[in-house]
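Chemist: Structure in structure tokens, see below.
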Amino acid sequence: MNTATKLSGFALGLAAMFTGAYGIGHVAGPAAPAAETRHETTDTDHGAAGHGDESAGDAHLPGGLLVSERGYTLQPVTAPAGEFAFRITGPDGAPVTRYDVAHDKRMHLIVARRDLSGFRHVHPELAADGTWRVASPLAGPGVWRAFADFTPTGGESLTLGVDVTVPGPLAARPLPAPATTATVDGYTVTLTGTPEPGRTSRLTLTVSRAGRPVTDLQPYLGAYGHLVALRQGDLAYLHVHPEGTPDDGRTPAGPAVTFAAEVPSAGAYRLYLDFRHGDTVHTAEFTVLAGDQPTPASTTASTPDAGHGTPGHGHS
């Protein structure tokens with residue numbers, strides 16, 4: 001996994017502005033670093049950090065910080081209320097209509113509210129004209145970051161991002177304290193391991209229910225677990241997958257799922273673990289600190305049940 005190792009910080013700004021409204025929100029320009037460095041990325045197997053955050057260069061960006069990269073651009077389009085729609089245009093300016101399957105899907109759309117209090121992972125449907133459509137995952141007022149994680153056929157994997165504003169009264173929520181345990185839908189997930197900036201770290205998440213280890217996790221997106229990490233502030237996107245695959249004959253179906261992860265800098269990160277059990281996908285959330293950071297006293301966290309809380313935590 002080749003996630004950025006020499007990235008110290010970003011100056012947040014609006015690099016582009018989109019006009020028009022769609023669904024229940026309107027698009028704001030993407031937060032982009034002041035010193036933008038284009039980079040090449042390659043897709044990797046499970047255990048690598050993401051679809052669009054790898055690079056052979058030293059000074060490059062994690063995924064999701066740019067709305068346009070290597071000629072590909074994320075363009076939200078007008079859609080009926082309650083629907084989210086967008087296109088990816090290619091180097092020739094035309095909508096891309098051919099995508100490779102990566103982790104069982106041709107497009108992964110992840111949205112997170114800027115204060116990291118909301119998270120959704122959904123899979124839109126592609127129309128013949130290159131438009132991706134899905135029931136809006138933007139649950140509640142606020143500024144959301146939408147990440148399109150994909151591999152255009154004949155190209156390399158990318159993660160592009162754009163801010164989307166949902167109007168309405170908003171009370172910002174503080175980032176939950178760092179935790180080693182999260183509960184969701186009656187499951188308890190325990191985290192061991194600590195991310196270290198600039199180096200590969202092993203993070204193991206162990207799933208139990210009613211005090212008993214879960215040993216019959218079901219495959220989800222080609223793995224027994226799916227992990228997204230977002231850095232507080234600029235929402236740099238890291239998409240990691242566990243070691244091993246369900247069909248390799250040696251990877252157990254729980255209770256522990258181990259990930260190889262590399263964070264690009266010190267700071268606070270929010271981890272979102274998707275796992276499937278009982279034919280339902282559940283999302284456990286953690287706050288972790290990388291590098292030297294002041295650590296609050298709390299060591300437990302709870303992910304709300306019944307739909308993963310408000311303004312929304314979930315997947316489809």
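Each chain in the structure tokens gets a letter, A, B, ..., in the order shown, and its residues are numbered from 1; ligands are numbered from 1 in order too.
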Do a neighbour search on A:Asp279 at 10 Å with only C-alpha atoms, toss out local chain neighbours closer than 5 positions, and write the hits as a list in words.

Modeler: Leu217, Gln218, Pro219 and Tyr220 of chain A

Chemist: For stretch 208-210 of chain A, find every residue with an atom within 7 Å (counting only C-alpha atoms), except residues of its own chain fewer than 2 positions away, and show them as a PyMOL selection string.

Modeler: chain A and resi 186-189+206+212-214+255

Chemist: Atom CA of A:Gly291 and atom CA of A:Leu273 are how many Å apart?

Modeler: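 These two atoms are separated by 21.4 Å.
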
Chemist: With a distance cut-off of 10 Å and only C-alpha atoms, select the neighbouring residues of A:Ala172, excluding the residue or stretch itself and same-chain residues fewer than 4 positions from it, and output the selection as an mmCIF file with N, CA, C and O atoms, in the first residue's frame.

Modeler:
data_model
loop_
_atom_site.group_PDB
_atom_site.id
_atom_site.type_symbol
_atom_site.label_atom_id
_atom_site.label_comp_id
_atom_site.auth_asym_id
_atom_site.auth_seq_id
_atom_site.Cartn_x
_atom_site.Cartn_y
_atom_site.Cartn_z
ATOM 1 N N ARG A 113 -20.575 13.933 6.592
ATOM 2 C CA ARG A 113 -20.755 15.331 6.945
ATOM 3 C C ARG A 113 -19.417 15.892 7.398
ATOM 4 O O ARG A 113 -18.584 15.169 7.957
ATOM 5 N N ARG A 114 -19.206 17.163 7.165
ATOM 6 C CA ARG A 114 -17.906 17.779 7.421
ATOM 7 C C ARG A 114 -17.453 17.652 8.875
ATOM 8 O O ARG A 114 -16.259 17.614 9.157
ATOM 9 N N ASP A 115 -18.412 17.590 9.827
ATOM 10 C CA ASP A 115 -18.023 17.400 11.213
ATOM 11 C C ASP A 115 -17.915 15.925 11.580
ATOM 12 O O ASP A 115 -17.709 15.576 12.742
ATOM 13 N N LEU A 116 -18.058 15.042 10.566
ATOM 14 C CA LEU A 116 -17.920 13.595 10.699
ATOM 15 C C LEU A 116 -19.015 12.976 11.566
ATOM 16 O O LEU A 116 -18.868 11.860 12.064
ATOM 17 N N SER A 117 -20.149 13.665 11.702
ATOM 18 C CA SER A 117 -21.258 13.116 12.481
ATOM 19 C C SER A 117 -22.226 12.314 11.627
ATOM 20 O O SER A 117 -23.172 11.745 12.155
ATOM 21 N N GLY A 142 -26.352 20.429 6.613
ATOM 22 C CA GLY A 142 -24.924 20.512 6.830
ATOM 23 C C GLY A 142 -24.156 20.477 5.530
ATOM 24 O O GLY A 142 -24.729 20.365 4.446
#

Chemist: Which of these residues is nearest to A:Ala146, using only C-alpha atoms: A:Ala128, A:Val207, A:Val96, A:Leu235?

Modeler: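 Of all the options, A:Leu235 lies closest to A:Ala146.
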
Chemist: Mind checking DSSP for stretch 247-286 of chain A and telling me the strand (DSSP E) residues as a list in words?

Modeler: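 Listing strand (DSSP E) positions across stretch 247-286 of chain A yields Ala256, Val257, Thr258, Phe259, Ala260, Ala261, Gly267, Ala268, Tyr269, Arg270, Leu271, Tyr272, Leu273, Asp274, Phe275, Arg276, His277, Thr280, Val281, His282, Thr283, Ala284, Glu285 and Phe286 of chain A.
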
Chemist: Could you write out the selected residues, including N, CA and C atoms, as a short mmCIF file (atom, residue, chain, number, x, y, z; two decimals), in the first residue's frame?

Modeler:
data_model
loop_
_atom_site.label_atom_id
_atom_site.label_comp_id
_atom_site.auth_asym_id
_atom_site.auth_seq_id
_atom_site.Cartn_x
_atom_site.Cartn_y
_atom_site.Cartn_z
N ALA A 256 -12.12 -11.75 14.22
CA ALA A 256 -11.17 -10.66 14.00
C ALA A 256 -10.96 -10.42 12.52
N VAL A 257 -10.94 -9.14 12.14
CA VAL A 257 -10.62 -8.73 10.78
C VAL A 257 -9.46 -7.74 10.89
N THR A 258 -8.35 -8.04 10.23
CA THR A 258 -7.15 -7.22 10.35
C THR A 258 -6.91 -6.44 9.07
N PHE A 259 -6.59 -5.18 9.24
CA PHE A 259 -6.33 -4.28 8.12
C PHE A 259 -4.91 -3.77 8.18
N ALA A 260 -4.31 -3.58 7.03
CA ALA A 260 -3.04 -2.87 6.92
C ALA A 260 -3.37 -1.45 6.49
N ALA A 261 -3.04 -0.49 7.33
CA ALA A 261 -3.42 0.90 7.06
C ALA A 261 -2.23 1.81 7.24
N GLY A 267 -2.71 13.31 13.46
CA GLY A 267 -4.01 13.96 13.57
C GLY A 267 -5.08 12.99 14.01
N ALA A 268 -6.31 13.48 14.05
CA ALA A 268 -7.45 12.66 14.42
C ALA A 268 -8.11 12.11 13.16
N TYR A 269 -8.51 10.85 13.21
CA TYR A 269 -9.16 10.17 12.10
C TYR A 269 -10.43 9.50 12.61
N ARG A 270 -11.42 9.45 11.75
CA ARG A 270 -12.64 8.71 12.04
C ARG A 270 -12.64 7.46 11.18
N LEU A 271 -12.80 6.29 11.82
CA LEU A 271 -12.83 5.02 11.12
C LEU A 271 -14.27 4.52 11.04
N TYR A 272 -14.64 4.00 9.87
CA TYR A 272 -15.97 3.44 9.65
C TYR A 272 -15.79 2.01 9.15
N LEU A 273 -16.17 1.04 9.98
CA LEU A 273 -16.06 -0.36 9.61
C LEU A 273 -17.43 -0.90 9.20
N ASP A 274 -17.55 -1.35 7.95
CA ASP A 274 -18.74 -2.05 7.48
C ASP A 274 -18.47 -3.56 7.60
N PHE A 275 -19.40 -4.28 8.21
CA PHE A 275 -19.32 -5.74 8.24
C PHE A 275 -20.72 -6.30 8.07
N ARG A 276 -20.80 -7.51 7.52
CA ARG A 276 -22.09 -8.11 7.21
C ARG A 276 -22.29 -9.37 8.06
N HIS A 277 -23.44 -9.41 8.70
CA HIS A 277 -23.79 -10.58 9.51
C HIS A 277 -25.30 -10.66 9.60
N THR A 280 -27.32 -8.60 7.02
CA THR A 280 -27.44 -7.16 7.19
C THR A 280 -26.06 -6.55 7.35
N VAL A 281 -25.85 -5.39 6.73
CA VAL A 281 -24.57 -4.68 6.86
C VAL A 281 -24.68 -3.70 8.03
N HIS A 282 -23.70 -3.72 8.88
CA HIS A 282 -23.64 -2.86 10.06
C HIS A 282 -22.39 -1.98 9.95
N THR A 283 -22.44 -0.80 10.55
CA THR A 283 -21.30 0.12 10.52
C THR A 283 -20.91 0.51 11.93
N ALA A 284 -19.69 0.17 12.32
CA ALA A 284 -19.13 0.57 13.61
C ALA A 284 -18.15 1.72 13.37
N GLU A 285 -18.15 2.69 14.29
CA GLU A 285 -17.35 3.90 14.11
C GLU A 285 -16.40 4.11 15.28
N PHE A 286 -15.21 4.60 14.95
CA PHE A 286 -14.19 4.87 15.96
C PHE A 286 -13.50 6.19 15.65
#

Chemist: In terms of the shortest atom-to-atom distance over only C-alpha atoms, which of A:Glu125, A:Asp216, A:Asp104, A:Asp163 is closest to A:Pro252?

Modeler: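 Among the listed residues, A:Asp216 lies closest to A:Pro252.
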
Chemist: Counting only C-alpha atoms, which of A:His103, A:Arg231, A:Arg98, A:Arg87 gets nearest to A:Pro124?

Modeler: A:Arg87

Chemist: Write out as a list in words which residues come within 7 Å of A:Thr73 when counting only C-alpha atoms, dropping same-chain ones fewer than 6 positions away.

Modeler: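 In the requested form, the answer reads Val67, Ile88, Thr89 and Gly90 of chain A.
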
Chemist: Leaving out A:Arg145 and any residue of its chain fewer than 3 positions from it, which residues lie within 6 Å of it when counting only C-alpha atoms, given as a list in words?

Modeler: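 Answer for this query is Val111, Ala112, Val162 and Asp163 of chain A.
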
Chemist: Could the residues in this selection be saved with C-alpha atoms as a short mmCIF file (atom, residue, chain, number, x, y, z; two decimals), in the first residue's frame?

Modeler:
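Listing of result.cif after writing:
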data_model
loop_
_atom_site.label_atom_id
_atom_site.label_comp_id
_atom_site.auth_asym_id
_atom_site.auth_seq_id
_atom_site.Cartn_x
_atom_site.Cartn_y
_atom_site.Cartn_z
CA VAL A 111 -20.66 10.71 1.89
CA ALA A 112 -19.64 12.18 5.24
CA VAL A 162 -16.89 17.49 -3.83
CA ASP A 163 -18.72 19.38 -1.08
#

Chemist: So how many Å separate atom CA of A:Leu205 and atom CA of A:Leu175, to one decimal?

Modeler: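 Atom CA of A:Leu175 lies 20.5 Å from atom CA of A:Leu205.
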
Chemist: Can you tell me how far atom CA of A:Thr183 sits from atom CA of A:Asp292, in Å to one decimal?

Modeler: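 Atom-to-atom, atom CA of A:Thr183 to atom CA of A:Asp292, that is 26.6 Å.
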